[in-house]
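One file, data03.cif, carrying mmCIF, C-alpha atoms and all ligand atoms:
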data_target
loop_
_atom_site.group_PDB
_atom_site.id
_atom_site.type_symbol
_atom_site.label_atom_id
_atom_site.label_comp_id
_atom_site.auth_asym_id
_atom_site.auth_seq_id
_atom_site.Cartn_x
_atom_site.Cartn_y
_atom_site.Cartn_z
ATOM 1 C CA MET A 586 0.000 0.000 0.000
ATOM 2 C CA SER A 587 1.373 3.455 -0.869
ATOM 3 C CA ASN A 588 2.311 5.545 2.110
ATOM 4 C CA PRO A 589 1.429 9.301 2.327
ATOM 5 C CA CYS A 590 3.700 9.527 5.400
ATOM 6 C CA MET A 591 6.614 9.641 2.989
ATOM 7 C CA SER A 592 5.394 13.014 1.671
ATOM 8 C CA CYS A 593 3.795 14.256 4.884
ATOM 9 C CA SER A 594 2.890 17.957 4.651
ATOM 10 C CA ILE A 595 3.609 18.421 8.350
ATOM 11 C CA ASP A 596 7.029 16.901 7.940
ATOM 12 C CA MET A 597 6.651 13.471 9.585
ATOM 13 C CA ASP A 598 5.121 15.129 12.600
ATOM 14 C CA CYS A 599 4.287 11.777 14.157
ATOM 15 C CA CYS A 600 7.939 10.739 14.429
ATOM 16 C CA LYS A 601 8.916 14.201 15.641
ATOM 17 C CA LYS A 602 6.210 14.431 18.268
ATOM 18 C CA PHE A 603 6.421 10.795 19.344
ATOM 19 C CA SER A 604 3.415 11.254 21.539
ATOM 20 C CA GLY A 605 1.616 8.069 22.475
ATOM 21 C CA ALA A 606 3.693 5.343 20.824
ATOM 22 C CA LEU A 607 2.378 1.945 21.859
ATOM 23 C CA VAL A 608 5.152 -0.569 22.452
ATOM 24 C CA SER A 609 5.564 -4.010 23.948
ATOM 25 C CA GLN A 610 7.952 -4.548 26.844
ATOM 26 C CA GLU A 611 10.378 -6.232 24.421
ATOM 27 C CA GLU A 612 10.301 -3.243 22.068
ATOM 28 C CA TYR A 613 10.839 -0.871 24.978
ATOM 29 C CA ASP A 614 13.810 -2.861 26.262
ATOM 30 C CA ARG A 615 15.327 -3.210 22.790
ATOM 31 C CA LEU A 616 14.837 0.339 21.514
ATOM 32 C CA TYR A 617 13.933 2.851 24.213
ATOM 33 C CA ALA A 618 15.266 1.718 27.613
ATOM 34 C CA LYS A 619 18.623 3.324 26.861
ATOM 35 C CA PHE A 620 16.888 6.722 26.586
ATOM 36 C CA ASP A 621 15.464 6.432 30.083
ATOM 37 C CA GLY A 622 14.129 9.767 31.365
ATOM 38 C CA ARG A 623 13.232 11.020 27.915
ATOM 39 C CA PHE A 624 9.693 9.638 28.049
ATOM 40 C CA ARG A 625 6.638 9.666 30.221
ATOM 41 C CA ILE A 626 5.391 6.115 30.292
ATOM 42 C CA GLU A 627 1.854 4.915 30.866
ATOM 43 C CA ARG A 628 0.733 1.324 31.030
ATOM 44 C CA VAL A 629 -2.209 0.714 28.721
ATOM 45 C CA GLY A 630 -3.375 -2.852 29.144
ATOM 46 C CA ARG A 631 -0.322 -4.960 28.371
ATOM 47 C CA PHE A 632 1.341 -2.215 26.337
ATOM 48 C CA LEU A 633 3.551 0.659 27.374
ATOM 49 C CA LYS A 634 2.599 4.020 25.919
ATOM 50 C CA LEU A 635 5.504 6.414 25.466
ATOM 51 C CA TYR A 636 5.250 10.205 25.377
ATOM 52 C CA ASP A 637 8.347 12.201 24.516
ATOM 53 C CA VAL A 638 8.929 14.840 27.200
ATOM 54 C CA SER A 639 12.260 16.058 25.860
ATOM 55 C CA GLY A 640 10.760 17.916 22.895
ATOM 56 C CA GLU A 641 13.188 16.067 20.624
ATOM 57 C CA GLY A 642 10.756 13.466 19.290
ATOM 58 C CA CYS A 643 11.656 9.881 18.578
ATOM 59 C CA PRO A 644 15.376 9.347 19.191
ATOM 60 C CA TYR A 645 15.511 7.399 15.935
ATOM 61 C CA PHE A 646 14.151 10.160 13.717
ATOM 62 C CA GLN A 647 16.722 12.039 11.688
ATOM 63 C CA GLN A 648 15.815 15.097 9.666
ATOM 64 C CA GLY A 649 16.265 14.412 5.972
ATOM 65 C CA THR A 650 16.795 10.679 6.514
ATOM 66 C CA GLY A 651 13.664 9.694 8.396
ATOM 67 C CA CYS A 652 13.662 6.548 10.500
ATOM 68 C CA THR A 653 17.159 5.250 11.217
ATOM 69 C CA VAL A 654 15.923 1.906 12.547
ATOM 70 C CA TYR A 655 13.371 1.252 9.842
ATOM 71 C CA ASP A 656 13.785 -2.540 9.749
ATOM 72 C CA GLN A 657 13.657 -2.794 13.545
ATOM 73 C CA ARG A 658 10.988 -0.151 14.211
ATOM 74 C CA PRO A 659 8.141 -0.994 16.602
ATOM 75 C CA LEU A 660 5.018 -2.678 15.253
ATOM 76 C CA ASP A 661 3.037 0.460 16.106
ATOM 77 C CA CYS A 662 5.179 2.359 13.583
ATOM 78 C CA ARG A 663 4.563 -0.375 11.012
ATOM 79 C CA LEU A 664 0.851 0.124 11.522
ATOM 80 C CA PHE A 665 1.138 3.778 10.491
ATOM 81 C CA PRO A 666 -0.921 5.699 9.506
ATOM 82 C CA PHE A 667 -3.367 3.612 11.502
ATOM 83 C CA SER A 668 -3.352 3.324 15.260
ATOM 84 C CA LEU A 669 -5.086 1.211 17.875
ATOM 85 C CA ASP A 670 -7.536 2.941 20.216
ATOM 86 C CA HIS A 671 -9.990 1.945 22.938
ATOM 87 C CA LEU A 672 -7.878 -0.980 24.075
ATOM 88 C CA ARG A 673 -9.479 -3.495 26.401
ATOM 89 C CA GLU A 674 -8.961 -7.145 27.252
ATOM 90 C CA GLY A 675 -11.698 -9.551 26.245
ATOM 91 C CA ALA A 676 -12.425 -13.206 26.891
ATOM 92 C CA GLY A 677 -9.464 -15.562 26.756
ATOM 93 C CA GLY A 678 -6.946 -12.715 26.992
ATOM 94 C CA CYS A 679 -7.818 -11.405 23.541
ATOM 95 C CA LEU A 680 -7.139 -7.724 22.811
ATOM 96 C CA LYS A 681 -10.229 -5.833 21.689
ATOM 97 C CA ALA A 682 -9.528 -2.491 20.048
ATOM 98 C CA SER A 683 -10.565 -0.166 17.317
ATOM 99 C CA VAL A 684 -8.272 0.990 14.561
ATOM 100 C CA ASN A 685 -8.398 4.209 12.613
ATOM 101 C CA THR A 686 -6.178 6.717 10.873
ATOM 102 C CA ARG A 687 -4.435 9.006 13.310
ATOM 103 C CA VAL A 688 -6.454 11.904 14.630
ATOM 104 C CA GLY A 689 -5.000 15.161 13.358
ATOM 105 C CA CYS A 690 -3.376 13.636 10.294
ATOM 106 C CA PRO A 691 -3.908 16.025 7.372
ATOM 107 C CA HIS A 692 -3.582 13.117 4.937
ATOM 108 C CA ALA A 693 -6.030 10.753 6.626
ATOM 109 C CA HIS A 694 -8.256 10.554 3.537
ATOM 110 C CA GLU A 695 -5.336 9.605 1.279
ATOM 111 C CA PHE A 696 -4.478 6.277 2.840
ATOM 112 C CA PRO A 697 -5.603 3.166 1.026
ATOM 113 C CA VAL A 698 -7.162 0.746 3.480
ATOM 114 C CA ASP A 699 -5.755 -2.756 3.419
ATOM 115 C CA GLU A 700 -7.963 -4.569 5.924
ATOM 116 C CA PRO A 701 -6.051 -7.909 6.007
ATOM 117 C CA ALA A 702 -2.722 -6.144 6.535
ATOM 118 C CA ILE A 703 -4.172 -4.006 9.344
ATOM 119 C CA ALA A 704 -5.719 -7.051 11.042
ATOM 120 C CA ALA A 705 -2.497 -9.070 10.753
ATOM 121 C CA LEU A 706 -0.321 -6.271 12.167
ATOM 122 C CA SER A 707 -2.756 -5.601 14.994
ATOM 123 C CA ALA A 708 -2.675 -9.287 15.920
ATOM 124 C CA ASP A 709 1.136 -9.255 15.823
ATOM 125 C CA MET A 710 1.144 -6.221 18.135
ATOM 126 C CA ALA A 711 -1.246 -7.901 20.544
ATOM 127 C CA ARG A 712 0.714 -11.142 20.715
ATOM 128 C CA ALA A 713 4.020 -9.271 21.142
ATOM 129 C CA ALA A 714 2.502 -7.486 24.134
ATOM 130 C CA GLY A 715 1.265 -10.749 25.685
ATOM 131 C CA TYR A 716 -2.360 -10.983 24.530
ATOM 132 C CA ALA A 717 -3.665 -14.241 23.124
ATOM 133 C CA ASP A 718 -4.840 -12.573 19.919
ATOM 134 C CA ALA A 719 -6.599 -9.434 18.708
ATOM 135 C CA ARG A 720 -9.992 -8.464 17.417
ATOM 136 C CA VAL A 721 -9.954 -5.019 15.897
ATOM 137 C CA GLU A 722 -12.841 -3.057 14.589
ATOM 138 C CA HIS A 723 -12.051 -0.580 11.849
ATOM 139 C CA GLU A 724 -13.778 2.686 12.642
ATOM 140 C CA ARG A 725 -15.141 4.560 9.695
ATOM 141 C CA GLY A 726 -16.780 7.880 9.064
ATOM 142 C CA PHE A 727 -17.316 9.378 12.486
ATOM 143 C CA GLY A 728 -14.704 7.262 14.257
ATOM 144 C CA TRP A 729 -12.789 10.446 15.084
ATOM 145 C CA LEU A 730 -15.902 11.779 16.861
ATOM 146 C CA LYS A 731 -16.096 8.643 19.002
ATOM 147 C CA TYR A 732 -12.406 9.055 19.764
ATOM 148 C CA LEU A 733 -12.809 12.672 20.882
ATOM 149 C CA GLY A 734 -15.793 11.643 23.023
ATOM 150 C CA PHE A 735 -13.755 8.851 24.592
ATOM 151 C CA ARG A 736 -10.940 11.296 25.420
ATOM 152 C CA ALA A 737 -13.352 13.885 26.842
ATOM 153 C CA VAL A 738 -14.932 11.297 29.143
ATOM 154 C CA ARG A 739 -11.517 10.112 30.253
ATOM 155 C CA LYS A 740 -10.326 13.649 30.959
ATOM 156 C CA ALA A 741 -13.498 14.411 32.924
ATOM 157 C CA ARG A 742 -12.989 11.244 34.995
ATOM 158 C CA ARG A 743 -9.437 12.324 35.763
ATOM 159 C CA LEU A 744 -10.534 15.837 36.732
ATOM 160 C CA LEU A 745 -13.126 14.318 39.056
ATOM 161 C CA GLY A 746 -10.460 12.087 40.571
ATOM 162 C CA LEU A 747 -12.188 8.924 39.363
ATOM 163 C CA GLU A 748 -9.248 7.837 37.266
ATOM 164 C CA LYS A 749 -5.533 8.462 37.697
ATOM 165 C CA PRO A 750 -3.053 8.292 34.797
ATOM 166 C CA ALA A 751 -1.183 5.005 35.123
ATOM 167 C CA VAL A 752 2.412 6.206 35.076
ATOM 168 C CA VAL A 753 4.646 3.200 35.521
ATOM 169 C CA SER A 754 8.247 2.164 35.657
ATOM 170 C CA PRO A 755 9.231 0.080 32.649
ATOM 171 C CA GLY A 756 9.016 -3.582 33.543
ATOM 172 C CA GLY A 757 6.747 -2.776 36.460
HETATM 173 S S1 LIG B 1 0.238 9.675 9.873
HETATM 174 FE FE1 LIG B 1 -0.268 11.629 8.843
HETATM 175 S S2 LIG B 1 0.625 13.226 10.180
HETATM 176 FE FE2 LIG B 1 1.600 11.258 10.702
HETATM 177 S S3 LIG B 1 3.485 11.184 9.457
HETATM 178 FE FE3 LIG B 1 1.827 10.119 8.352
HETATM 179 S S4 LIG B 1 0.964 11.670 6.984
HETATM 180 FE FE4 LIG B 1 2.104 12.748 8.559
HETATM 181 S S1 LIG B 2 11.056 4.253 15.361
HETATM 182 FE FE1 LIG B 2 11.220 5.187 13.337
HETATM 183 S S2 LIG B 2 9.156 5.158 12.470
HETATM 184 FE FE2 LIG B 2 8.973 4.837 14.683
HETATM 185 S S3 LIG B 2 8.628 6.896 15.555
HETATM 186 FE FE3 LIG B 2 10.835 6.477 15.603
HETATM 187 S S4 LIG B 2 11.665 7.367 13.721
HETATM 188 FE FE4 LIG B 2 9.430 7.167 13.471
#
Step by step, read the file and then write its structure as structure tokens.
Amino acid sequence: MSNPCMSCSIDMDCCKKFSGALVSQEEYDRLYAKFDGRFRIERVGRFLKLYDVSGEGCPYFQQGTGCTVYDQRPLDCRLFPFSLDHLREGAGGCLKASVNTRVGCPHAHEFPVDEPAIAALSADMARAAGYADARVEHERGFGWLKYLGFRAVRKARRLLGLEKPAVVSPGG
């Protein structure tokens, strides 16, 4: 499938921002543990979610070159421009999630959708993180609206003290 990320009009903003990358423990240990302190880390189900707090973006992004670890990049990066949202664990340890193009991507409408490839990569991500398998639902049309609603509810719960962000130590 052709990849609009290669001609991104906001200059590969996703790699530069590196805000919310979903990685397995193995991917964290292999790629990001050595940059300890550069990320805020949340545990989301069996994944770790990394937020760059240094303002430098992904340590593997190089201006003009792009990804310097392309063949070893995390599965979440391979899933680009799609991302998994609304993660929850279902029966038998199966990951249930929705998948959509990234919110805020100016090229979202340009991506060809390859359903089998998305399903296969999502399942690989789930198994790498320790789930038995994955069932992903591809959100269409107003998926972004559902996503914003989900975030608003979550933020309100945090403001009301009903939910605390799960900041964790890697491996913890
Ligand atoms: S997903 Fe969209 S915003 Fe992110 S790098 Fe690709 S084209 Fe750019
Ligand atoms: S590992 Fe590569 S593709 Fe993934 S965010 Fe970093 S530079 Fe981008």
- [ ] With only C-alpha atoms counted, which protein, DNA or RNA residues have an atom no more than 10 Å from (-10.1, -2.4, 23.3) in the file frame? Please answer as a PyMOL selection string.
- [x] chain A and resi 630+669-675+679-684+719-722
Task: Residue nearest ligand LIG 1 (chain B) among A:Met710, A:Leu607, A:Cys652, A:Met597 (counting all atoms listed in the file) - done: A:Met597
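Those protein and nucleic acid residues that have any atom within 9 Å of ligand LIG 1 (chain B) are, using all atoms listed in the file, Asn588, Pro589, Cys590, Met591, Ser592, Cys593, Ser594, Ile595, Asp596, Met597, Asp598, Cys599, Cys600, Lys601, Phe665, Pro666, Phe667, Thr686, Arg687, Val688, Gly689, Cys690, Pro691, His692, Ala693, Glu695 and Phe696 of chain A.
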TODO: Let me have all residues with an atom within 10 Å of ligand LIG 2 (chain B), counting all atoms listed in the file, laid out as a VMD selection string.
DONE: chain A and resid 590 597 to 606 616 to 617 642 to 648 650 to 665
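Considering the residues A:Phe620, A:Ile703, A:Asp637, A:Ala737 and counting all atoms listed in the file, His723 in chain A has its shortest atom-to-atom contact with A:Ile703.
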Open item on the list: To test your reading of the syntax: which residues would the PyMOL selection byres (((chain A and resi 622) around 12) and not hetatm) return for the file shown? Reply as a ChimeraX atom specification.
Closed with: /A:617-621,623-626,635-639,754-755
- [ ] Expand the PyMOL selection byres (((chain A and resi 608) around 6) and not hetatm) into the individual residues it matches in the shown file, reporting them as a PyMOL selection string.
- [x] chain A and resi 607+609+612+632-633
Got time to write the residues from that selection, C-alpha atoms, as a CSV table (one decimal), in the frame of the given file?
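And here's selection.csv as it stands now:
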chain,number,residue,atom,x,y,z
A,607,LEU,CA,2.4,1.9,21.9
A,609,SER,CA,5.6,-4.0,23.9
A,612,GLU,CA,10.3,-3.2,22.1
A,632,PHE,CA,1.3,-2.2,26.3
A,633,LEU,CA,3.6,0.7,27.4
- [ ] Determine the nearest neighbour of Ser707 in chain A from the options A:Asn685, A:Gly746, A:Ala741, A:Lys634, counting all atoms listed in the file.
- [x] A:Asn685
